[in-house]
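As stored in upload.pdb (PDB, C-alpha atoms, pLDDT in the B column):
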MODEL        1
ATOM      1  CA  TRP A   1      -2.624 -17.098   7.824  1.00 78.00           C
ATOM      2  CA  SER A   2       0.613 -16.895   5.897  1.00 84.00           C
ATOM      3  CA  MET A   3       2.172 -16.739   2.455  1.00 88.00           C
ATOM      4  CA  GLY A   4       5.579 -18.337   2.760  1.00 90.00           C
ATOM      5  CA  LYS A   5       7.010 -20.881   5.193  1.00 93.00           C
ATOM      6  CA  LYS A   6       7.377 -20.421   8.958  1.00 94.00           C
ATOM      7  CA  ARG A   7       8.808 -22.523  11.760  1.00 94.00           C
ATOM      8  CA  TRP A   8       6.845 -22.441  15.038  1.00 95.00           C
ATOM      9  CA  VAL A   9       7.369 -23.551  18.605  1.00 94.00           C
ATOM     10  CA  ILE A  10       4.594 -23.188  21.193  1.00 95.00           C
ATOM     11  CA  PHE A  11       4.585 -23.789  24.939  1.00 95.00           C
ATOM     12  CA  PRO A  12       1.541 -24.448  27.172  1.00 93.00           C
ATOM     13  CA  PRO A  13       0.685 -21.729  29.732  1.00 91.00           C
ATOM     14  CA  HIS A  14       1.985 -23.766  32.687  1.00 90.00           C
ATOM     15  CA  VAL A  15       5.601 -23.564  31.418  1.00 91.00           C
ATOM     16  CA  PRO A  16       7.262 -20.670  33.331  1.00 90.00           C
ATOM     17  CA  LYS A  17       8.199 -17.565  31.390  1.00 89.00           C
ATOM     18  CA  ARG A  18      11.875 -17.747  32.393  1.00 89.00           C
ATOM     19  CA  ILE A  19      12.088 -21.294  30.974  1.00 91.00           C
ATOM     20  CA  VAL A  20      10.480 -20.251  27.684  1.00 92.00           C
ATOM     21  CA  LYS A  21      12.730 -17.189  27.303  1.00 90.00           C
ATOM     22  CA  GLY A  22      15.867 -19.168  28.070  1.00 90.00           C
ATOM     23  CA  LYS A  23      17.912 -16.056  28.776  1.00 88.00           C
ATOM     24  CA  SER A  24      19.921 -17.859  31.432  1.00 87.00           C
ATOM     25  CA  LEU A  25      21.190 -20.138  28.650  1.00 88.00           C
ATOM     26  CA  LEU A  26      22.535 -17.327  26.463  1.00 87.00           C
ATOM     27  CA  GLN A  27      26.268 -17.367  25.861  1.00 87.00           C
ATOM     28  CA  GLU A  28      28.592 -14.466  25.177  1.00 84.00           C
ATOM     29  CA  GLY A  29      27.920 -12.761  21.863  1.00 82.00           C
ATOM     30  CA  GLU A  30      24.450 -14.292  21.480  1.00 83.00           C
ATOM     31  CA  ASP A  31      21.064 -12.588  21.601  1.00 85.00           C
ATOM     32  CA  ASP A  32      17.462 -13.771  21.640  1.00 81.00           C
ATOM     33  CA  GLU A  33      16.592 -12.928  18.040  1.00 88.00           C
ATOM     34  CA  ALA A  34      14.453 -15.560  16.320  1.00 88.00           C
ATOM     35  CA  ILE A  35      17.327 -17.102  14.347  1.00 90.00           C
ATOM     36  CA  HIS A  36      19.467 -17.515  17.487  1.00 90.00           C
ATOM     37  CA  TYR A  37      16.513 -18.721  19.508  1.00 92.00           C
ATOM     38  CA  PHE A  38      15.722 -21.581  17.135  1.00 92.00           C
ATOM     39  CA  MET A  39      19.355 -22.493  16.402  1.00 92.00           C
ATOM     40  CA  TYR A  40      20.836 -22.326  19.908  1.00 91.00           C
ATOM     41  CA  ILE A  41      18.478 -21.395  22.753  1.00 92.00           C
ATOM     42  CA  LEU A  42      15.579 -23.767  22.022  1.00 93.00           C
ATOM     43  CA  PRO A  43      17.861 -26.870  21.763  1.00 93.00           C
ATOM     44  CA  ARG A  44      19.436 -25.917  25.105  1.00 92.00           C
ATOM     45  CA  ILE A  45      16.000 -25.469  26.697  1.00 92.00           C
ATOM     46  CA  LYS A  46      15.022 -28.976  25.610  1.00 92.00           C
ATOM     47  CA  GLN A  47      18.329 -30.412  26.823  1.00 90.00           C
ATOM     48  CA  GLU A  48      17.881 -28.768  30.233  1.00 89.00           C
ATOM     49  CA  ALA A  49      14.305 -30.051  30.436  1.00 89.00           C
ATOM     50  CA  ALA A  50      15.473 -33.597  29.703  1.00 86.00           C
ATOM     51  CA  LYS A  51      18.165 -33.436  32.412  1.00 84.00           C
ATOM     52  CA  GLU A  52      16.252 -31.533  35.091  1.00 78.00           C
ATOM     53  CA  ARG A  53      12.895 -33.303  35.200  1.00 71.00           C
ATOM     54  CA  ARG A  54      13.098 -33.444  38.991  1.00 71.00           C
ATOM     55  CA  ILE A  55      13.194 -29.630  39.256  1.00 75.00           C
ATOM     56  CA  GLN A  56       9.739 -28.115  39.695  1.00 76.00           C
ATOM     57  CA  ASP A  57      10.015 -25.680  36.778  1.00 76.00           C
ATOM     58  CA  TYR A  58      10.820 -28.514  34.364  1.00 82.00           C
ATOM     59  CA  ALA A  59       8.538 -31.152  35.884  1.00 81.00           C
ATOM     60  CA  ASP A  60       5.705 -30.712  33.360  1.00 85.00           C
ATOM     61  CA  PHE A  61       7.743 -29.227  30.521  1.00 90.00           C
ATOM     62  CA  GLU A  62       6.178 -29.465  27.065  1.00 90.00           C
ATOM     63  CA  CYS A  63       6.716 -27.757  23.730  1.00 93.00           C
ATOM     64  CA  PHE A  64       5.387 -28.410  20.232  1.00 94.00           C
ATOM     65  CA  GLU A  65       7.254 -27.614  17.013  1.00 95.00           C
ATOM     66  CA  PHE A  66       5.843 -27.522  13.491  1.00 94.00           C
ATOM     67  CA  THR A  67       6.223 -25.843  10.093  1.00 95.00           C
ATOM     68  CA  GLN A  68       3.492 -23.647   8.644  1.00 94.00           C
ATOM     69  CA  HIS A  69       3.307 -23.727   4.843  1.00 94.00           C
ATOM     70  CA  ALA A  70       1.856 -21.139   2.450  1.00 92.00           C
ATOM     71  CA  GLY A  71      -1.913 -20.807   2.702  1.00 91.00           C
ATOM     72  CA  GLU A  72      -2.158 -22.510   6.091  1.00 92.00           C
ATOM     73  CA  THR A  73      -3.696 -20.946   9.210  1.00 92.00           C
ATOM     74  CA  VAL A  74      -2.387 -21.410  12.750  1.00 92.00           C
ATOM     75  CA  TYR A  75      -4.554 -20.929  15.824  1.00 91.00           C
ATOM     76  CA  VAL A  76      -2.582 -20.209  18.998  1.00 90.00           C
ATOM     77  CA  PRO A  77      -4.690 -20.921  22.104  1.00 87.00           C
ATOM     78  CA  HIS A  78      -5.092 -18.233  24.707  1.00 82.00           C
ATOM     79  CA  GLY A  79      -2.111 -17.901  27.044  1.00 84.00           C
ATOM     80  CA  TRP A  80       0.283 -20.097  25.061  1.00 91.00           C
ATOM     81  CA  TRP A  81       3.860 -18.871  24.562  1.00 91.00           C
ATOM     82  CA  HIS A  82       5.087 -19.000  20.978  1.00 92.00           C
ATOM     83  CA  ALA A  83       8.070 -18.112  18.809  1.00 93.00           C
ATOM     84  CA  VAL A  84       8.180 -17.933  15.013  1.00 93.00           C
ATOM     85  CA  LEU A  85      11.007 -17.993  12.464  1.00 93.00           C
ATOM     86  CA  ASN A  86      10.442 -17.064   8.808  1.00 93.00           C
ATOM     87  CA  LEU A  87      12.073 -19.723   6.628  1.00 92.00           C
ATOM     88  CA  THR A  88      11.273 -17.904   3.352  1.00 93.00           C
ATOM     89  CA  ASP A  89      10.049 -14.471   2.313  1.00 92.00           C
ATOM     90  CA  THR A  90       6.739 -14.274   4.136  1.00 90.00           C
ATOM     91  CA  VAL A  91       3.584 -12.197   4.344  1.00 90.00           C
ATOM     92  CA  GLY A  92       1.416 -12.943   7.371  1.00 87.00           C
ATOM     93  CA  ILE A  93      -1.988 -11.797   8.576  1.00 87.00           C
ATOM     94  CA  THR A  94      -2.659 -12.059  12.306  1.00 86.00           C
ATOM     95  CA  GLN A  95      -5.664 -11.257  14.458  1.00 83.00           C
ATOM     96  CA  ASN A  96      -6.076 -11.203  18.226  1.00 82.00           C
ATOM     97  CA  PHE A  97      -9.382 -12.505  19.539  1.00 83.00           C
ATOM     98  CA  CYS A  98     -11.213 -11.603  22.735  1.00 86.00           C
ATOM     99  CA  SER A  99     -14.513 -13.238  23.686  1.00 86.00           C
ATOM    100  CA  HIS A 100     -16.934 -12.860  26.580  1.00 88.00           C
ATOM    101  CA  GLN A 101     -15.353 -15.928  28.174  1.00 87.00           C
ATOM    102  CA  ASN A 102     -11.832 -14.502  28.399  1.00 88.00           C
ATOM    103  CA  PHE A 103     -12.687 -10.799  28.582  1.00 93.00           C
ATOM    104  CA  ASP A 104     -11.665 -10.365  32.232  1.00 93.00           C
ATOM    105  CA  HIS A 105      -8.193 -11.773  31.662  1.00 90.00           C
ATOM    106  CA  VAL A 106      -7.624  -9.911  28.380  1.00 91.00           C
ATOM    107  CA  TRP A 107      -8.784  -6.623  29.894  1.00 93.00           C
ATOM    108  CA  ARG A 108      -6.445  -6.968  32.881  1.00 93.00           C
ATOM    109  CA  GLN A 109      -3.508  -7.780  30.606  1.00 90.00           C
ATOM    110  CA  THR A 110      -4.263  -4.951  28.160  1.00 91.00           C
ATOM    111  CA  ARG A 111      -4.765  -2.185  30.737  1.00 92.00           C
ATOM    112  CA  LYS A 112      -1.401  -3.106  32.279  1.00 89.00           C
ATOM    113  CA  GLY A 113       0.725  -3.597  29.186  1.00 87.00           C
ATOM    114  CA  ARG A 114      -0.982  -1.359  26.576  1.00 89.00           C
ATOM    115  CA  LYS A 115      -2.230   1.647  28.540  1.00 89.00           C
ATOM    116  CA  ARG A 116      -3.199   3.937  25.673  1.00 89.00           C
ATOM    117  CA  MET A 117      -4.718   1.091  23.665  1.00 89.00           C
ATOM    118  CA  ALA A 118      -6.784   0.093  26.718  1.00 91.00           C
ATOM    119  CA  ALA A 119      -8.206   3.611  26.924  1.00 91.00           C
ATOM    120  CA  HIS A 120      -9.112   3.574  23.211  1.00 90.00           C
ATOM    121  CA  TRP A 121     -10.657   0.139  23.647  1.00 91.00           C
ATOM    122  CA  LEU A 122     -12.751   1.321  26.586  1.00 92.00           C
ATOM    123  CA  CYS A 123     -14.083   4.202  24.450  1.00 90.00           C
ATOM    124  CA  ARG A 124     -15.173   1.767  21.734  1.00 89.00           C
ATOM    125  CA  LEU A 125     -16.768  -0.508  24.315  1.00 92.00           C
ATOM    126  CA  GLU A 126     -18.743   2.430  25.719  1.00 90.00           C
ATOM    127  CA  ASP A 127     -20.099   3.132  22.221  1.00 90.00           C
ATOM    128  CA  GLN A 128     -20.758  -0.416  20.996  1.00 92.00           C
ATOM    129  CA  TYR A 129     -20.777  -2.786  23.999  1.00 92.00           C
ATOM    130  CA  PRO A 130     -21.821  -0.762  27.065  1.00 93.00           C
ATOM    131  CA  TYR A 131     -22.203  -3.845  29.258  1.00 94.00           C
ATOM    132  CA  LEU A 132     -18.571  -4.829  28.609  1.00 94.00           C
ATOM    133  CA  ALA A 133     -17.461  -1.260  29.331  1.00 93.00           C
ATOM    134  CA  GLU A 134     -19.240  -1.485  32.678  1.00 94.00           C
ATOM    135  CA  ARG A 135     -17.548  -4.828  33.293  1.00 95.00           C
ATOM    136  CA  ALA A 136     -14.127  -3.303  32.582  1.00 94.00           C
ATOM    137  CA  LYS A 137     -14.809  -0.423  34.979  1.00 93.00           C
ATOM    138  CA  LEU A 138     -15.997  -2.855  37.646  1.00 95.00           C
ATOM    139  CA  LEU A 139     -12.769  -4.855  37.282  1.00 95.00           C
ATOM    140  CA  ASN A 140     -10.773  -1.647  37.648  1.00 94.00           C
ATOM    141  CA  LYS A 141     -12.691  -0.806  40.815  1.00 93.00           C
ATOM    142  CA  GLU A 142     -12.294  -4.291  42.289  1.00 93.00           C
ATOM    143  CA  ASP A 143      -8.550  -4.305  41.584  1.00 93.00           C
ATOM    144  CA  LYS A 144      -8.143  -0.638  42.634  1.00 92.00           C
ATOM    145  CA  PHE A 145      -6.568  -0.016  39.241  1.00 92.00           C
ATOM    146  CA  LYS A 146      -6.350   3.551  37.944  1.00 90.00           C
ATOM    147  CA  MET A 147      -6.227   4.018  34.177  1.00 87.00           C
ATOM    148  CA  LYS A 148      -3.360   6.193  32.970  1.00 84.00           C
ATOM    149  CA  TYR A 149      -5.590   7.711  30.265  1.00 82.00           C
ATOM    150  CA  SER A 150      -9.270   8.450  30.790  1.00 82.00           C
ATOM    151  CA  SER A 151     -11.991   8.009  28.173  1.00 79.00           C
ATOM    152  CA  LYS A 152     -12.545  11.781  28.185  1.00 82.00           C
ATOM    153  CA  GLU A 153      -8.869  12.429  27.376  1.00 83.00           C
ATOM    154  CA  ILE A 154      -8.983   9.958  24.496  1.00 84.00           C
ATOM    155  CA  ARG A 155     -12.223  11.398  23.086  1.00 83.00           C
ATOM    156  CA  ASP A 156     -10.910  14.972  23.366  1.00 85.00           C
ATOM    157  CA  ARG A 157      -7.745  13.951  21.558  1.00 83.00           C
ATOM    158  CA  GLU A 158      -9.702  12.236  18.793  1.00 83.00           C
ATOM    159  CA  ASN A 159     -11.925  15.315  18.397  1.00 84.00           C
ATOM    160  CA  ARG A 160      -8.855  17.552  18.110  1.00 86.00           C
ATOM    161  CA  LYS A 161      -7.374  15.273  15.443  1.00 85.00           C
ATOM    162  CA  ARG A 162     -10.690  15.218  13.578  1.00 86.00           C
ATOM    163  CA  GLU A 163     -10.940  19.014  13.677  1.00 87.00           C
ATOM    164  CA  SER A 164      -7.326  19.355  12.535  1.00 88.00           C
ATOM    165  CA  ARG A 165      -7.983  17.058   9.561  1.00 87.00           C
ATOM    166  CA  ARG A 166     -11.116  19.038   8.694  1.00 88.00           C
ATOM    167  CA  ARG A 167      -9.221  22.343   8.712  1.00 87.00           C
ATOM    168  CA  ARG A 168      -6.422  20.950   6.560  1.00 88.00           C
ATOM    169  CA  ALA A 169      -8.994  19.656   4.086  1.00 87.00           C
ATOM    170  CA  LEU A 170     -10.678  23.057   3.919  1.00 87.00           C
ATOM    171  CA  ARG A 171      -7.362  24.845   3.366  1.00 86.00           C
ATOM    172  CA  ARG A 172      -6.450  22.372   0.624  1.00 85.00           C
ATOM    173  CA  MET A 173      -9.865  22.760  -0.950  1.00 84.00           C
ATOM    174  CA  LYS A 174      -9.582  26.566  -1.017  1.00 80.00           C
ATOM    175  CA  SER A 175      -6.081  26.363  -2.482  1.00 80.00           C
ATOM    176  CA  GLU A 176      -7.157  23.931  -5.183  1.00 76.00           C
ATOM    177  CA  LYS A 177     -10.219  26.036  -5.978  1.00 70.00           C
ATOM    178  CA  LYS A 178      -7.984  28.984  -6.866  1.00 64.00           C
ATOM    179  CA  ASP A 179      -5.970  26.799  -9.234  1.00 63.00           C
ATOM    180  CA  TRP A 180      -9.015  25.177 -10.815  1.00 59.00           C
ATOM    181  CA  THR A 181     -10.853  28.416 -11.574  1.00 57.00           C
ATOM    182  CA  LYS A 182      -7.928  29.597 -13.740  1.00 54.00           C
ATOM    183  CA  GLU A 183      -8.669  26.919 -16.340  1.00 53.00           C
ATOM    184  CA  ARG A 184     -12.414  26.794 -16.956  1.00 49.00           C
ATOM    185  CA  TYR A 185     -12.607  24.990 -20.299  1.00 46.00           C
ATOM    186  CA  THR A 186     -10.696  22.362 -22.210  1.00 45.00           C
ATOM    187  CA  ASP A 187      -9.211  22.874 -25.686  1.00 45.00           C
ATOM    188  CA  THR A 188     -12.411  21.644 -27.341  1.00 47.00           C
ATOM    189  CA  GLY A 189     -14.577  24.125 -25.494  1.00 47.00           C
ATOM    190  CA  THR A 190     -16.247  21.438 -23.376  1.00 48.00           C
ATOM    191  CA  PRO A 191     -16.529  22.248 -19.669  1.00 49.00           C
ATOM    192  CA  SER A 192     -13.774  20.338 -17.889  1.00 47.00           C
ATOM    193  CA  HIS A 193     -14.329  18.146 -14.854  1.00 47.00           C
ATOM    194  CA  ARG A 194     -12.351  20.677 -12.821  1.00 46.00           C
ATOM    195  CA  ASP A 195     -14.818  23.326 -13.948  1.00 48.00           C
ATOM    196  CA  LEU A 196     -17.681  21.131 -12.774  1.00 44.00           C
ATOM    197  CA  LEU A 197     -15.976  20.685  -9.436  1.00 46.00           C
ATOM    198  CA  SER A 198     -15.269  24.354  -8.879  1.00 45.00           C
ATOM    199  CA  SER A 199     -18.737  25.492  -9.914  1.00 44.00           C
ATOM    200  CA  THR A 200     -20.763  22.668  -8.386  1.00 43.00           C
ATOM    201  CA  CYS A 201     -18.895  21.664  -5.281  1.00 44.00           C
ATOM    202  CA  LEU A 202     -16.716  24.518  -4.215  1.00 42.00           C
ATOM    203  CA  GLU A 203     -18.592  27.773  -4.682  1.00 41.00           C
ATOM    204  CA  LYS A 204     -20.703  27.175  -1.593  1.00 42.00           C
ATOM    205  CA  SER A 205     -18.261  24.773   0.126  1.00 42.00           C
ATOM    206  CA  THR A 206     -20.744  21.956  -0.371  1.00 41.00           C
ATOM    207  CA  PRO A 207     -19.458  18.654   1.101  1.00 43.00           C
ATOM    208  CA  ALA A 208     -18.007  16.470  -1.608  1.00 41.00           C
ATOM    209  CA  ARG A 209     -20.322  13.590  -0.859  1.00 41.00           C
ATOM    210  CA  ARG A 210     -23.210  15.689  -2.257  1.00 41.00           C
ATOM    211  CA  CYS A 211     -21.522  15.827  -5.658  1.00 40.00           C
ATOM    212  CA  GLU A 212     -21.914  12.148  -6.420  1.00 42.00           C
ATOM    213  CA  ASN A 213     -24.676  12.824  -9.010  1.00 42.00           C
ATOM    214  CA  VAL A 214     -22.603  15.296 -11.074  1.00 41.00           C
ATOM    215  CA  ALA A 215     -22.599  14.400 -14.800  1.00 42.00           C
ATOM    216  CA  TRP A 216     -18.891  13.754 -15.311  1.00 40.00           C
ATOM    217  CA  PRO A 217     -17.412  14.177 -18.834  1.00 44.00           C
ATOM    218  CA  GLU A 218     -16.740  10.890 -20.588  1.00 45.00           C
ATOM    219  CA  GLY A 219     -13.209   9.581 -20.179  1.00 44.00           C
ATOM    220  CA  THR A 220     -12.512  11.296 -16.854  1.00 40.00           C
ATOM    221  CA  PHE A 221     -12.054   9.686 -13.489  1.00 40.00           C
ATOM    222  CA  ARG A 222     -12.984  10.854 -10.011  1.00 42.00           C
ATOM    223  CA  THR A 223     -11.980   9.788  -6.531  1.00 40.00           C
ATOM    224  CA  ARG A 224     -13.535  10.762  -3.243  1.00 42.00           C
ATOM    225  CA  GLU A 225     -11.662  11.031   0.020  1.00 39.00           C
ATOM    226  CA  LYS A 226     -13.744   9.328   2.724  1.00 42.00           C
ATOM    227  CA  ASN A 227     -15.477  11.616   5.219  1.00 42.00           C
ATOM    228  CA  SER A 228     -13.923  14.792   3.818  1.00 37.00           C
ATOM    229  CA  SER A 229     -14.918  17.660   1.598  1.00 34.00           C
ATOM    230  CA  VAL A 230     -12.229  17.088  -1.004  1.00 36.00           C
ATOM    231  CA  VAL A 231     -12.722  15.583  -4.441  1.00 35.00           C
ATOM    232  CA  SER A 232      -9.782  15.186  -6.803  1.00 36.00           C
ATOM    233  CA  PRO A 233      -9.908  14.319 -10.508  1.00 38.00           C
TER     234      PRO A 233
ENDMDL
END

Let's see the structure in the file written out as C-alpha cells.
Amino acid sequence: WSMGKKRWVIFPPHVPKRIVKGKSLLQEGEDDEAIHYFMYILPRIKQEAAKERRIQDYADFECFEFTQHAGETVYVPHGWWHAVLNLTDTVGITQNFCSHQNFDHVWRQTRKGRKRMAAHWLCRLEDQYPYLAERAKLLNKEDKFKMKYSSKEIRDRENRKRESRRRRALRRMKSEKKDWTKERYTDTGTPSHRDLLSSTCLEKSTPARRCENVAWPEGTFRTREKNSSVVSP
C-alpha cells in the first residue's frame, strides 16, 4: 500500500538473477541505484532480451512494468524479482507473508540470509506454532544446516534486555520519587497528582498498572508506560 506514486518492474522467478540485476550492462560512472536502473539498465536489459532470444538465459524472458498510484495496493507473488522507483514523495507500508504452503522455502531462505532473524523467528514458532518449529528443525536436520544462533542464546539475550529495562525503570522511579516528594501540595492546597503517585504507587514500589483506579484530580493527565512500573503525569 502506498501514498504517492511509484514505478514498478517485476520479473517472473524463471528469469535468472544475473539478467535481472543487469550488472554486466553497467557503464563507467553508473551504479545500480533505482534511478539509474530504470533510466539506463532496464532499457538495456530489454534490448538484450530482444536481440538474444536464442540464448538460453533470454529464451523465456518476461518483465511487467506498471505505475502504482496513491491508495493502491500491489501484491508481489512469491519468488518474483522486483524493482521500485518513487516518482513522488511517498510513504509505503509493506508486509512479508509466509503460509503453510511456502513455509519450507521461506525458512530455508531466512535461515541462510537473515541468521539472527531466523533464530528469533524460531523462538516465536516454539511459543505459538510448535508444529512449525518442529518442521523448521526437521528441515535443518535434513539439510545438515547448523543455526548460527540457538534459541537458548536468543532467549537469554531477551531476558537480559528485559532485566536491564526493568532496572532502569526502577532507578528512574526512585529518582523521580525523590523529586515528587519535595512538592506535596499545589498552591490551592489540593493534593497534586504527583502527591497521589508518590503516596499511592511509589511508597511500596507497587507496579504502576495497579494504580489505574486512583482518583486523579480534574484537569490532569496521566500516561502509563506499557509493562513497566513507571507512571508519568

What is the distance, in Å and to one decimal place, between atom CA of Arg165 of chain A and atom CA of Glu153 of chain A? 18.4 Å

Once the PyMOL selection byres ((chain A and resi 12) around 7) is applied to the coordinates I shared, what remains selected? I want it as a PyMOL selection string. chain A and resi 10-11+13-15+62+80-81

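Residues in contact with Ile45 of chain A at 8 Å, where only C-alpha atoms are counted and same-chain residues fewer than 5 positions away are skipped, are listed as Ile19, Val20, Gly22 and Leu25 of chain A.
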
Pick from A:Trp8, A:Tyr129, A:Trp107, A:Tyr149: nearest to Ala83 of chain A, with only C-alpha atoms counted?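 The closest residue to Ala83 of chain A is A:Trp8.
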
Give the answer as one residue: which of A:Arg54, A:Arg124, A:His69, A:Lys152 has the shortest atom-to-atom distance to Val91 of chain A, using all atoms listed in the file?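 Nearest candidate to Val91 of chain A out of A:Arg54, A:Arg124, A:His69, A:Lys152: A:His69.
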
Please work out which residues fall within 12 Å of (-10.3, -3.7, 36.7), coordinates as given in the file, with all atoms listed in the file counting, and return them as JSON, numbers by chain. {"A": [103, 104, 105, 106, 107, 108, 109, 110, 111, 112, 118, 122, 132, 133, 134, 135, 136, 137, 138, 139, 140, 141, 142, 143, 144, 145, 146, 147]}

Would you mind telling me which residue in A:Asn96, A:Val74, A:Asp57, A:Gln101 lies nearest to Arg18 of chain A when using all atoms listed in the file?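 Using all atoms listed in the file, the shortest distance to Arg18 of chain A belongs to A:Asp57.
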
All heavy atoms of segment 73-81 of chain A, written as a PDB file, in the first residue's frame:
ATOM      1  N   THR A  73      -2.802  -0.916  -3.759  1.00  0.00           N
ATOM      2  CA  THR A  73      -2.019  -1.987  -3.139  1.00  0.00           C
ATOM      3  C   THR A  73      -1.467  -2.901  -4.220  1.00  0.00           C
ATOM      4  O   THR A  73      -2.169  -3.256  -5.167  1.00  0.00           O
ATOM      5  CB  THR A  73      -2.894  -2.811  -2.169  1.00  0.00           C
ATOM      6  OG1 THR A  73      -3.378  -1.945  -1.128  1.00  0.00           O
ATOM      7  CG2 THR A  73      -2.098  -3.950  -1.541  1.00  0.00           C
ATOM      8  N   VAL A  74      -0.204  -3.277  -4.075  1.00  0.00           N
ATOM      9  CA  VAL A  74       0.449  -4.183  -5.021  1.00  0.00           C
ATOM     10  C   VAL A  74       0.794  -5.483  -4.300  1.00  0.00           C
ATOM     11  O   VAL A  74       1.378  -5.463  -3.208  1.00  0.00           O
ATOM     12  CB  VAL A  74       1.736  -3.561  -5.602  1.00  0.00           C
ATOM     13  CG1 VAL A  74       2.498  -4.588  -6.445  1.00  0.00           C
ATOM     14  CG2 VAL A  74       1.398  -2.333  -6.434  1.00  0.00           C
ATOM     15  N   TYR A  75       0.397  -6.589  -4.903  1.00  0.00           N
ATOM     16  CA  TYR A  75       0.787  -7.906  -4.389  1.00  0.00           C
ATOM     17  C   TYR A  75       1.870  -8.476  -5.294  1.00  0.00           C
ATOM     18  O   TYR A  75       1.664  -8.623  -6.506  1.00  0.00           O
ATOM     19  CB  TYR A  75      -0.403  -8.857  -4.353  1.00  0.00           C
ATOM     20  CG  TYR A  75      -0.017 -10.291  -4.070  1.00  0.00           C
ATOM     21  CD1 TYR A  75       0.387 -10.673  -2.792  1.00  0.00           C
ATOM     22  CD2 TYR A  75      -0.035 -11.245  -5.079  1.00  0.00           C
ATOM     23  CE1 TYR A  75       0.762 -11.982  -2.526  1.00  0.00           C
ATOM     24  CE2 TYR A  75       0.331 -12.559  -4.813  1.00  0.00           C
ATOM     25  CZ  TYR A  75       0.725 -12.917  -3.539  1.00  0.00           C
ATOM     26  OH  TYR A  75       1.099 -14.211  -3.294  1.00  0.00           O
ATOM     27  N   VAL A  76       3.032  -8.756  -4.724  1.00  0.00           N
ATOM     28  CA  VAL A  76       4.136  -9.352  -5.475  1.00  0.00           C
ATOM     29  C   VAL A  76       4.157 -10.847  -5.168  1.00  0.00           C
ATOM     30  O   VAL A  76       4.388 -11.239  -4.022  1.00  0.00           O
ATOM     31  CB  VAL A  76       5.487  -8.713  -5.087  1.00  0.00           C
ATOM     32  CG1 VAL A  76       6.620  -9.344  -5.901  1.00  0.00           C
ATOM     33  CG2 VAL A  76       5.448  -7.205  -5.305  1.00  0.00           C
ATOM     34  N   PRO A  77       3.929 -11.697  -6.156  1.00  0.00           N
ATOM     35  CA  PRO A  77       3.913 -13.143  -5.895  1.00  0.00           C
ATOM     36  C   PRO A  77       5.247 -13.646  -5.358  1.00  0.00           C
ATOM     37  O   PRO A  77       6.294 -13.036  -5.591  1.00  0.00           O
ATOM     38  CB  PRO A  77       3.613 -13.743  -7.289  1.00  0.00           C
ATOM     39  CG  PRO A  77       2.991 -12.632  -8.062  1.00  0.00           C
ATOM     40  CD  PRO A  77       3.620 -11.367  -7.559  1.00  0.00           C
ATOM     41  N   HIS A  78       5.176 -14.748  -4.677  1.00  0.00           N
ATOM     42  CA  HIS A  78       6.363 -15.341  -4.070  1.00  0.00           C
ATOM     43  C   HIS A  78       7.422 -15.649  -5.130  1.00  0.00           C
ATOM     44  O   HIS A  78       7.128 -16.229  -6.176  1.00  0.00           O
ATOM     45  CB  HIS A  78       5.971 -16.636  -3.354  1.00  0.00           C
ATOM     46  CG  HIS A  78       7.140 -17.420  -2.851  1.00  0.00           C
ATOM     47  ND1 HIS A  78       7.938 -16.974  -1.821  1.00  0.00           N
ATOM     48  CD2 HIS A  78       7.652 -18.614  -3.243  1.00  0.00           C
ATOM     49  CE1 HIS A  78       8.882 -17.867  -1.595  1.00  0.00           C
ATOM     50  NE2 HIS A  78       8.729 -18.865  -2.438  1.00  0.00           N
ATOM     51  N   GLY A  79       8.658 -15.224  -4.866  1.00  0.00           N
ATOM     52  CA  GLY A  79       9.774 -15.551  -5.739  1.00  0.00           C
ATOM     53  C   GLY A  79       9.979 -14.617  -6.912  1.00  0.00           C
ATOM     54  O   GLY A  79      10.937 -14.797  -7.673  1.00  0.00           O
ATOM     55  N   TRP A  80       9.115 -13.612  -7.078  1.00  0.00           N
ATOM     56  CA  TRP A  80       9.260 -12.703  -8.212  1.00  0.00           C
ATOM     57  C   TRP A  80      10.262 -11.594  -7.873  1.00  0.00           C
ATOM     58  O   TRP A  80      10.216 -10.991  -6.807  1.00  0.00           O
ATOM     59  CB  TRP A  80       7.918 -12.078  -8.573  1.00  0.00           C
ATOM     60  CG  TRP A  80       7.017 -13.012  -9.325  1.00  0.00           C
ATOM     61  CD1 TRP A  80       6.621 -14.257  -8.945  1.00  0.00           C
ATOM     62  CD2 TRP A  80       6.410 -12.775 -10.597  1.00  0.00           C
ATOM     63  NE1 TRP A  80       5.801 -14.818  -9.878  1.00  0.00           N
ATOM     64  CE2 TRP A  80       5.643 -13.929 -10.922  1.00  0.00           C
ATOM     65  CE3 TRP A  80       6.421 -11.707 -11.487  1.00  0.00           C
ATOM     66  CZ2 TRP A  80       4.917 -14.040 -12.097  1.00  0.00           C
ATOM     67  CZ3 TRP A  80       5.682 -11.801 -12.658  1.00  0.00           C
ATOM     68  CH2 TRP A  80       4.946 -12.964 -12.960  1.00  0.00           C
ATOM     69  N   TRP A  81      11.173 -11.320  -8.818  1.00  0.00           N
ATOM     70  CA  TRP A  81      12.091 -10.190  -8.679  1.00  0.00           C
ATOM     71  C   TRP A  81      11.303  -8.903  -8.897  1.00  0.00           C
ATOM     72  O   TRP A  81      10.365  -8.865  -9.691  1.00  0.00           O
ATOM     73  CB  TRP A  81      13.194 -10.270  -9.725  1.00  0.00           C
ATOM     74  CG  TRP A  81      13.986 -11.533  -9.742  1.00  0.00           C
ATOM     75  CD1 TRP A  81      13.817 -12.604 -10.568  1.00  0.00           C
ATOM     76  CD2 TRP A  81      15.077 -11.861  -8.884  1.00  0.00           C
ATOM     77  NE1 TRP A  81      14.736 -13.587 -10.279  1.00  0.00           N
ATOM     78  CE2 TRP A  81      15.531 -13.166  -9.251  1.00  0.00           C
ATOM     79  CE3 TRP A  81      15.732 -11.205  -7.854  1.00  0.00           C
ATOM     80  CZ2 TRP A  81      16.588 -13.801  -8.627  1.00  0.00           C
ATOM     81  CZ3 TRP A  81      16.794 -11.834  -7.220  1.00  0.00           C
ATOM     82  CH2 TRP A  81      17.214 -13.105  -7.597  1.00  0.00           C
TER      83      TRP A  81
END
